[in-house]
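S.K.: Contents of start_2.csv (CSV, C-alpha atoms and all ligand atoms):
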```csv
chain,number,residue,atom,x,y,z
G,1,MET,CA,0.0,0.0,0.0
G,2,THR,CA,1.3,3.5,-0.9
G,3,GLN,CA,1.4,5.9,1.9
G,4,GLN,CA,0.0,9.3,1.1
G,5,GLU,CA,2.5,12.2,1.5
G,6,PRO,CA,1.5,14.5,4.4
G,7,ILE,CA,0.5,17.9,3.0
G,8,SER,CA,2.8,20.6,4.3
G,9,MET,CA,1.1,23.3,6.3
G,10,ASP,CA,1.4,27.1,6.9
G,11,ILE,CA,-0.4,29.0,9.7
G,12,ILE,CA,-0.9,32.7,8.8
G,13,PRO,CA,-2.8,35.6,10.3
G,14,THR,CA,-6.5,35.6,9.7
G,15,GLN,CA,-6.7,38.7,7.7
G,16,GLU,CA,-3.9,37.8,5.4
G,17,GLY,CA,-5.4,34.3,5.0
G,18,TYR,CA,-8.8,35.6,3.8
G,19,ASP,CA,-7.1,38.1,1.5
G,20,ARG,CA,-5.4,35.1,-0.1
G,21,TRP,CA,-8.4,32.8,0.0
G,22,ALA,CA,-10.8,35.5,-1.5
G,23,GLU,CA,-9.8,34.7,-5.1
G,24,PHE,CA,-11.2,31.2,-5.0
G,25,TYR,CA,-13.3,31.1,-1.7
G,26,ASP,CA,-16.6,31.0,-3.5
G,27,GLY,CA,-15.6,28.1,-5.8
G,28,ASP,CA,-14.0,26.0,-3.0
G,29,ASP,CA,-15.6,22.6,-2.2
G,30,ASN,CA,-16.5,23.7,1.3
G,31,PRO,CA,-18.8,21.2,3.0
G,32,LEU,CA,-19.4,23.6,6.0
G,33,VAL,CA,-20.8,26.2,3.7
G,34,LEU,CA,-23.0,23.6,1.9
G,35,LEU,CA,-24.3,22.3,5.2
G,36,GLU,CA,-25.0,25.8,6.6
G,37,GLU,CA,-26.9,26.8,3.4
G,38,ARG,CA,-29.5,24.1,4.2
G,39,TYR,CA,-30.6,25.8,7.4
G,40,LEU,CA,-29.8,29.5,7.4
G,41,SER,CA,-32.7,30.9,5.4
G,42,ALA,CA,-35.2,29.2,7.6
G,43,LEU,CA,-33.5,30.6,10.7
G,44,ALA,CA,-33.3,34.1,9.1
G,45,GLY,CA,-37.0,34.2,8.3
G,46,ASN,CA,-38.4,37.0,6.1
G,47,VAL,CA,-36.0,39.9,6.0
G,48,SER,CA,-37.8,42.1,3.5
G,49,GLY,CA,-37.9,45.7,4.7
G,50,LEU,CA,-35.6,45.0,7.6
G,51,ASP,CA,-32.3,46.5,8.6
G,52,VAL,CA,-29.8,43.6,8.5
G,53,ALA,CA,-26.2,43.5,9.6
G,54,ASP,CA,-23.8,40.8,8.2
G,55,ILE,CA,-20.9,40.7,10.6
G,56,GLY,CA,-17.9,39.1,8.9
G,57,CYS,CA,-19.6,39.1,5.5
G,58,GLY,CA,-16.7,37.7,3.5
G,59,THR,CA,-17.6,37.6,-0.2
G,60,GLY,CA,-21.2,38.5,0.6
G,61,ARG,CA,-22.7,35.0,0.4
G,62,HIS,CA,-25.5,36.0,2.7
G,63,ALA,CA,-25.4,39.8,2.4
G,64,ILE,CA,-26.3,39.6,-1.3
G,65,ARG,CA,-29.1,37.2,-0.6
G,66,TRP,CA,-30.6,39.5,2.1
G,67,ALA,CA,-30.3,42.5,-0.2
G,68,ALA,CA,-32.1,40.6,-3.0
G,69,ALA,CA,-34.8,39.7,-0.5
G,70,GLY,CA,-35.5,43.4,0.2
G,71,ALA,CA,-33.4,44.0,3.3
G,72,ARG,CA,-31.3,47.2,3.9
G,73,VAL,CA,-28.0,45.5,4.5
G,74,THR,CA,-24.8,46.7,6.2
G,75,ALA,CA,-21.9,44.2,5.8
G,76,VAL,CA,-18.6,44.4,7.7
G,77,ASP,CA,-15.3,42.6,7.2
G,78,PHE,CA,-11.6,43.3,7.6
G,79,SER,CA,-10.5,41.6,4.4
G,80,GLU,CA,-10.4,44.0,1.5
G,81,SER,CA,-10.0,41.2,-0.9
G,82,MET,CA,-13.1,39.4,0.4
G,83,LEU,CA,-15.0,42.7,0.3
G,84,ALA,CA,-13.9,43.3,-3.3
G,85,ARG,CA,-15.4,40.0,-4.3
G,86,ALA,CA,-18.6,40.9,-2.6
G,87,ARG,CA,-18.8,44.4,-4.1
G,88,ALA,CA,-18.4,42.9,-7.6
G,89,LYS,CA,-21.6,40.8,-7.3
G,90,PRO,CA,-25.1,41.8,-8.5
G,91,GLU,CA,-27.2,43.5,-5.8
G,92,ALA,CA,-24.0,44.7,-4.1
G,93,GLY,CA,-24.7,48.3,-5.0
G,94,ARG,CA,-27.6,48.2,-2.5
G,95,ILE,CA,-25.3,47.1,0.4
G,96,ASN,CA,-23.4,49.4,2.7
G,97,PHE,CA,-20.0,47.6,3.0
G,98,ILE,CA,-17.6,48.6,5.8
G,99,CYS,CA,-14.0,47.5,6.2
G,100,HIS,CA,-13.3,47.1,9.9
G,101,ASP,CA,-11.5,44.8,12.4
G,102,LEU,CA,-14.3,43.3,14.5
G,103,ALA,CA,-11.9,42.7,17.4
G,104,ARG,CA,-12.6,46.4,18.0
G,105,PRO,CA,-16.0,48.0,18.8
G,106,PHE,CA,-18.2,47.8,15.8
G,107,PRO,CA,-18.6,51.1,13.8
G,108,LEU,CA,-22.3,50.7,13.9
G,109,LYS,CA,-25.0,52.5,15.9
G,110,SER,CA,-26.6,50.9,18.9
G,111,ALA,CA,-30.0,49.3,18.4
G,112,SER,CA,-30.0,49.8,14.7
G,113,PHE,CA,-30.6,46.3,13.2
G,114,ASP,CA,-33.6,44.0,13.2
G,115,ARG,CA,-31.4,41.0,12.3
G,116,VAL,CA,-27.7,40.5,13.0
G,117,PHE,CA,-26.0,37.7,11.2
G,118,CYS,CA,-22.6,36.4,12.0
G,119,CYS,CA,-21.8,33.4,9.9
G,120,LEU,CA,-18.6,31.2,10.1
G,121,VAL,CA,-16.6,34.0,11.8
G,122,LEU,CA,-16.6,33.2,15.6
G,123,ASP,CA,-13.7,30.7,15.5
G,124,HIS,CA,-11.5,33.7,14.5
G,125,ILE,CA,-12.6,35.8,17.5
G,126,LYS,CA,-10.6,35.6,20.7
G,127,ASP,CA,-12.7,37.8,23.0
G,128,LEU,CA,-16.2,36.2,22.7
G,129,ALA,CA,-17.6,38.2,25.6
G,130,GLY,CA,-16.8,41.6,24.0
G,131,PHE,CA,-17.9,40.3,20.6
G,132,PHE,CA,-21.3,39.1,21.8
G,133,GLY,CA,-21.7,42.4,23.7
G,134,GLU,CA,-21.3,44.2,20.4
G,135,LEU,CA,-23.7,41.9,18.6
G,136,ARG,CA,-26.3,42.6,21.3
G,137,ARG,CA,-25.6,46.4,21.3
G,138,ILE,CA,-26.3,46.8,17.6
G,139,CYS,CA,-29.5,44.7,17.7
G,140,ARG,CA,-32.9,46.4,18.2
G,141,PRO,CA,-34.8,45.4,21.3
G,142,CYS,CA,-37.1,43.1,19.3
G,143,GLY,CA,-34.4,42.0,17.0
G,144,GLU,CA,-32.6,38.7,16.5
G,145,VAL,CA,-29.0,37.5,16.3
G,146,VAL,CA,-28.3,34.5,14.1
G,147,ILE,CA,-24.9,32.7,14.5
G,148,SER,CA,-23.3,29.9,12.5
G,149,VAL,CA,-19.9,28.5,13.3
G,150,MET,CA,-17.8,25.5,12.6
G,151,HIS,CA,-18.7,22.9,15.3
G,152,PRO,CA,-16.0,22.8,18.0
G,153,ALA,CA,-15.9,19.0,17.5
G,154,MET,CA,-14.1,19.6,14.2
G,155,SER,CA,-11.1,20.7,16.2
G,156,LEU,CA,-10.8,17.2,17.6
G,157,ARG,CA,-10.2,16.1,14.0
G,158,GLY,CA,-7.5,18.8,13.7
G,159,VAL,CA,-9.7,20.9,11.5
G,160,GLN,CA,-9.7,24.7,11.4
G,161,ALA,CA,-10.4,27.3,8.7
G,162,ARG,CA,-8.0,26.4,5.9
G,163,PHE,CA,-7.5,26.2,2.2
G,164,ILE,CA,-5.0,24.6,-0.2
G,165,ASP,CA,-2.9,27.2,-1.9
G,166,PRO,CA,-3.2,26.4,-5.7
G,167,ALA,CA,0.2,27.8,-6.4
G,168,SER,CA,2.2,25.8,-3.9
G,169,GLY,CA,-0.1,22.9,-3.1
G,170,ARG,CA,0.5,23.7,0.6
G,171,ARG,CA,-2.3,23.7,3.2
G,172,VAL,CA,-2.8,27.2,4.6
G,173,CYS,CA,-4.4,27.4,8.0
G,174,LEU,CA,-5.8,30.7,9.2
G,175,ALA,CA,-5.2,31.8,12.8
G,176,SER,CA,-8.2,30.6,14.8
G,177,HIS,CA,-9.3,30.0,18.4
G,178,VAL,CA,-10.7,26.8,19.8
G,179,HIS,CA,-13.9,27.6,21.7
G,180,GLN,CA,-16.3,25.0,23.1
G,181,VAL,CA,-20.0,25.0,22.6
G,182,SER,CA,-20.4,26.1,26.2
G,183,ASP,CA,-18.0,29.1,25.5
G,184,TYR,CA,-20.3,30.3,22.7
G,185,LEU,CA,-23.5,29.8,24.6
G,186,MET,CA,-22.2,31.4,27.9
G,187,ALA,CA,-20.7,34.4,26.1
G,188,ALA,CA,-24.1,35.0,24.4
G,189,LEU,CA,-26.1,34.6,27.6
G,190,SER,CA,-23.6,36.7,29.6
G,191,ALA,CA,-24.0,39.5,27.1
G,192,GLY,CA,-27.7,39.6,27.8
G,193,LEU,CA,-28.9,37.7,24.8
G,194,LYS,CA,-31.6,35.1,25.1
G,195,LEU,CA,-31.4,31.7,23.5
G,196,GLN,CA,-34.2,31.0,21.0
G,197,ASN,CA,-32.7,28.0,19.3
G,198,VAL,CA,-29.5,26.0,19.2
G,199,SER,CA,-28.8,23.1,16.8
G,200,GLU,CA,-25.9,20.9,15.9
G,201,HIS,CA,-25.5,19.3,12.5
G,202,ALA,CA,-23.4,16.3,11.5
G,203,VAL,CA,-22.2,15.3,8.0
G,204,ASP,CA,-24.8,13.0,6.5
G,205,SER,CA,-24.7,10.8,3.4
G,206,ALA,CA,-26.3,13.5,1.2
G,207,LEU,CA,-23.5,16.0,2.1
G,208,ALA,CA,-20.8,13.3,1.7
G,209,ALA,CA,-22.2,12.6,-1.8
G,210,SER,CA,-22.0,16.3,-2.8
G,211,SER,CA,-18.7,17.1,-1.3
G,212,VAL,CA,-15.5,15.0,-1.5
G,213,ARG,CA,-14.1,16.8,1.5
G,214,ALA,CA,-17.1,15.9,3.6
G,215,GLN,CA,-16.7,12.2,3.2
G,216,LYS,CA,-14.2,11.5,5.9
G,217,TYR,CA,-16.4,13.4,8.4
G,218,LEU,CA,-19.5,11.3,7.9
G,219,ASP,CA,-21.7,11.4,11.1
G,220,TRP,CA,-19.3,13.9,12.7
G,221,PRO,CA,-20.7,17.2,14.0
G,222,MET,CA,-19.6,20.0,11.6
G,223,LEU,CA,-21.9,22.9,12.2
G,224,LEU,CA,-23.4,24.8,15.2
G,225,LEU,CA,-26.3,27.2,14.8
G,226,THR,CA,-27.9,29.5,17.3
G,227,LYS,CA,-30.6,32.0,17.2
G,228,LEU,CA,-30.7,34.6,19.9
G,229,SER,CA,-33.0,37.4,20.8
G,230,ARG,CA,-32.2,40.7,22.6
G,231,THR,CA,-35.1,40.5,24.9
P,1,LIG,C1,-15.3,31.8,6.7
P,1,LIG,S1,-15.4,33.5,6.2
P,1,LIG,C2,-17.2,33.6,6.2
P,1,LIG,C3,-17.7,34.7,5.4
P,1,LIG,C4,-19.2,34.8,5.3
P,1,LIG,N1,-19.8,35.2,6.6
P,1,LIG,C5,-19.8,33.5,4.9
P,1,LIG,O1,-20.5,32.9,5.7
P,1,LIG,O2,-19.7,33.2,3.7
P,1,LIG,C6,-14.9,34.4,7.6
P,1,LIG,C7,-14.9,35.9,7.4
P,1,LIG,O3,-14.7,36.6,8.7
P,1,LIG,C8,-13.9,37.6,8.5
P,1,LIG,N2,-13.2,38.0,9.7
P,1,LIG,C9,-12.5,37.1,10.6
P,1,LIG,N3,-12.1,37.8,11.6
P,1,LIG,C10,-12.4,39.1,11.4
P,1,LIG,C11,-12.2,40.3,12.2
P,1,LIG,N4,-11.5,40.3,13.3
P,1,LIG,N5,-12.7,41.5,11.7
P,1,LIG,C12,-13.4,41.5,10.5
P,1,LIG,N6,-13.6,40.4,9.8
P,1,LIG,C13,-13.1,39.2,10.2
P,1,LIG,C14,-12.9,37.2,7.4
P,1,LIG,O4,-12.2,38.2,6.7
P,1,LIG,C15,-13.8,36.3,6.5
P,1,LIG,O5,-14.3,37.1,5.4
```
Could you quickly redo this structure as structure tokens?
M.R.:
Amino acid sequence: MTQQEPISMDIIPTQEGYDRWAEFYDGDDNPLVLLEERYLSALAGNVSGLDVADIGCGTGRHAIRWAAAGARVTAVDFSESMLARARAKPEAGRINFICHDLARPFPLKSASFDRVFCCLVLDHIKDLAGFFGELRRICRPCGEVVISVMHPAMSLRGVQARFIDPASGRRVCLASHVHQVSDYLMAALSAGLKLQNVSEHAVDSALAASSVRAQKYLDWPMLLLTKLSRT
């Protein structure tokens, strides 16, 4: 039996990583994104006419969708390259994009959004307490905060946000923080948010059939979703 060569690996700062990943992020076989797509619209509900924040918007995967659905969208990210991809998409002209490091207080007014989305970002955030405090601050009293994040169980398989650099063939890992499910939930509750829904999603055979990268994680938890309300 031939042994497979281990892939060499680089770990780089998060912002630099997304600046490099941006070029092919949307076309990557990313099972986490495929799994999340199944559930997020139902969690979001009808956003037409609402003020929506997309915190860590990346290439605008969700922001564009909410704008097309009639929401007034503000989308924040610190990767200029990810933002450039988002700005080039149809409907992007209706979105207020802001380049900002979310480790600092958000440049957004308090109580100004009906829905606050933060999708596949939290594993890059060190200070969860401060971050959830900001998510709550910008949310209107009757608003909702919707979170998706890579399930912490993936770290037990050595997985963190990463891509294969097409030029070198090397695996590039983006600086991340290992948080547990309880860390996320306690940070949200301690910030004064109320838990409306929490769900954990494993790789199933349908996902494994549509994503080569999902196959070795069959039945393993890959995605954590939460919906929170301010009051
Ligand atoms: C995995 S991507 C997800 C993008 C988008 N939310 C989605 O679901 O397709 C993570 C995004 O979070 C952004 N991000 C991570 N840490 C950040 C920070 N401290 N400030 C601003 N953006 C950050 C990255 O630049 C990247 O675009």
S.K.: Mind giving me the straight-line distance from atom CA of G:Trp21 to atom CA of G:Glu91 in Å, one decimal?
M.R.: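 Distance reported for this atom pair: 22.4 Å.
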S.K.: Kindly provide the residues of chain G that approach ligand LIG 1 (chain P) to within 6 Å, each paired with its closest atom pair and their distance in Å to one decimal, based on only C-alpha atoms and all ligand atoms, listed by chain and increasing number, as a tab-separated table.
M.R.:
```
residue	atom	partner	partner_atom	distance
G:Gln15	CA	P:LIG1	O4	5.6
G:Tyr18	CA	P:LIG1	O4	5.2
G:Gly56	CA	P:LIG1	O3	4.1
G:Cys57	CA	P:LIG1	N1	4.1
G:Gly58	CA	P:LIG1	O5	3.1
G:Arg61	CA	P:LIG1	O2	4.8
G:Asp77	CA	P:LIG1	N6	3.8
G:Phe78	CA	P:LIG1	C12	3.9
G:Ser79	CA	P:LIG1	O4	4.4
G:Met82	CA	P:LIG1	O5	5.6
G:His100	CA	P:LIG1	C12	5.6
G:Asp101	CA	P:LIG1	N5	3.6
G:Leu102	CA	P:LIG1	N5	3.7
G:Ala103	CA	P:LIG1	N4	4.8
G:Cys119	CA	P:LIG1	N1	4.3
G:Leu120	CA	P:LIG1	C1	4.8
G:Val121	CA	P:LIG1	O3	4.5
G:His124	CA	P:LIG1	N3	5.1
```
S.K.: Please list as number ranges by chain every residue within 7 Å of stretch 110-113 of chain G, counting only C-alpha atoms and excluding residues in the same chain fewer than 3 positions away.
M.R.: G: 51-53, 116, 137-141, 143
S.K.: What is the distance, in Å and to one decimal place, between atom CA of G:Cys142 and atom CA of G:Asp114?
M.R.: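 Separating atom CA of G:Cys142 from atom CA of G:Asp114 is a distance of 7.1 Å.
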S.K.: Of the candidates G:Phe97, G:Tyr184, G:Tyr217, G:Phe106, which shows the shortest atom-to-atom distance to G:Arg72, using only C-alpha atoms?
M.R.: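 Using only C-alpha atoms, G:Arg72 sits closest to G:Phe97.
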S.K.: Measuring atom to atom with all atoms listed in the file, identify which of G:Val172, G:Cys118, G:Leu43, G:Ala188 is nearest to G:Ala75.
M.R.: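 The shortest atom-to-atom distance to G:Ala75 comes from G:Cys118.
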S.K.: Just give me the gap between atom CA of G:Cys173 and atom CA of G:Asp10 in Å, one decimal is fine.
M.R.: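 Computing the Euclidean distance for atom CA of G:Cys173 and atom CA of G:Asp10 yields 5.9 Å.
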S.K.: Return the single residue from G:Leu223, G:Ile125, G:Ile164, G:Ala44 that is closest to G:His177, with distances computed using only C-alpha atoms.
M.R.: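 Distance minimum relative to G:His177 lands on G:Ile125.
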S.K.: Measuring between only C-alpha atoms, which one of G:Val73, G:Val159, G:Leu128, G:Leu108 shows the shortest distance to G:His179?
M.R.: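 Closest residue, counting only C-alpha atoms: G:Leu128.
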S.K.: Could I see stretch 163-175 of chain G restored to N, CA, C and O atoms, set down as a PDB file, keeping the file's coordinate frame?
M.R.:
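As a result, selection-v4.pdb now contains:
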```
ATOM      1  N   PHE G 163      -7.301  26.414   3.618  1.00  0.00           N
ATOM      2  CA  PHE G 163      -7.500  26.200   2.200  1.00  0.00           C
ATOM      3  C   PHE G 163      -6.141  25.605   1.645  1.00  0.00           C
ATOM      4  O   PHE G 163      -5.105  25.679   2.311  1.00  0.00           O
ATOM      5  N   ILE G 164      -6.227  25.040   0.451  1.00  0.00           N
ATOM      6  CA  ILE G 164      -5.000  24.600  -0.200  1.00  0.00           C
ATOM      7  C   ILE G 164      -4.598  25.656  -1.202  1.00  0.00           C
ATOM      8  O   ILE G 164      -5.382  26.037  -2.086  1.00  0.00           O
ATOM      9  N   ASP G 165      -3.395  26.164  -1.041  1.00  0.00           N
ATOM     10  CA  ASP G 165      -2.900  27.200  -1.900  1.00  0.00           C
ATOM     11  C   ASP G 165      -2.621  26.560  -3.311  1.00  0.00           C
ATOM     12  O   ASP G 165      -1.795  25.660  -3.426  1.00  0.00           O
ATOM     13  N   PRO G 166      -3.362  27.007  -4.351  1.00  0.00           N
ATOM     14  CA  PRO G 166      -3.200  26.400  -5.700  1.00  0.00           C
ATOM     15  C   PRO G 166      -1.809  26.484  -6.225  1.00  0.00           C
ATOM     16  O   PRO G 166      -1.352  25.594  -6.953  1.00  0.00           O
ATOM     17  N   ALA G 167      -1.111  27.548  -5.876  1.00  0.00           N
ATOM     18  CA  ALA G 167       0.200  27.800  -6.400  1.00  0.00           C
ATOM     19  C   ALA G 167       1.251  26.787  -5.850  1.00  0.00           C
ATOM     20  O   ALA G 167       2.035  26.179  -6.588  1.00  0.00           O
ATOM     21  N   SER G 168       1.200  26.592  -4.524  1.00  0.00           N
ATOM     22  CA  SER G 168       2.200  25.800  -3.900  1.00  0.00           C
ATOM     23  C   SER G 168       1.752  24.373  -3.521  1.00  0.00           C
ATOM     24  O   SER G 168       2.560  23.483  -3.240  1.00  0.00           O
ATOM     25  N   GLY G 169       0.416  24.175  -3.489  1.00  0.00           N
ATOM     26  CA  GLY G 169      -0.100  22.900  -3.100  1.00  0.00           C
ATOM     27  C   GLY G 169      -0.060  22.729  -1.540  1.00  0.00           C
ATOM     28  O   GLY G 169      -0.413  21.682  -1.003  1.00  0.00           O
ATOM     29  N   ARG G 170       0.372  23.774  -0.840  1.00  0.00           N
ATOM     30  CA  ARG G 170       0.500  23.700   0.600  1.00  0.00           C
ATOM     31  C   ARG G 170      -0.847  24.031   1.265  1.00  0.00           C
ATOM     32  O   ARG G 170      -1.606  24.859   0.765  1.00  0.00           O
ATOM     33  N   ARG G 171      -1.107  23.355   2.391  1.00  0.00           N
ATOM     34  CA  ARG G 171      -2.300  23.700   3.200  1.00  0.00           C
ATOM     35  C   ARG G 171      -2.005  24.964   3.962  1.00  0.00           C
ATOM     36  O   ARG G 171      -0.983  25.053   4.639  1.00  0.00           O
ATOM     37  N   VAL G 172      -2.920  25.922   3.851  1.00  0.00           N
ATOM     38  CA  VAL G 172      -2.800  27.200   4.600  1.00  0.00           C
ATOM     39  C   VAL G 172      -3.848  27.272   5.630  1.00  0.00           C
ATOM     40  O   VAL G 172      -5.037  27.249   5.303  1.00  0.00           O
ATOM     41  N   CYS G 173      -3.442  27.322   6.901  1.00  0.00           N
ATOM     42  CA  CYS G 173      -4.400  27.400   8.000  1.00  0.00           C
ATOM     43  C   CYS G 173      -4.466  28.884   8.462  1.00  0.00           C
ATOM     44  O   CYS G 173      -3.426  29.537   8.597  1.00  0.00           O
ATOM     45  N   LEU G 174      -5.666  29.360   8.725  1.00  0.00           N
ATOM     46  CA  LEU G 174      -5.800  30.700   9.200  1.00  0.00           C
ATOM     47  C   LEU G 174      -5.936  30.761  10.691  1.00  0.00           C
ATOM     48  O   LEU G 174      -6.624  29.914  11.275  1.00  0.00           O
ATOM     49  N   ALA G 175      -5.254  31.703  11.297  1.00  0.00           N
ATOM     50  CA  ALA G 175      -5.200  31.800  12.800  1.00  0.00           C
ATOM     51  C   ALA G 175      -6.655  31.715  13.309  1.00  0.00           C
ATOM     52  O   ALA G 175      -7.535  32.459  12.862  1.00  0.00           O
TER      53      ALA G 175
END
```
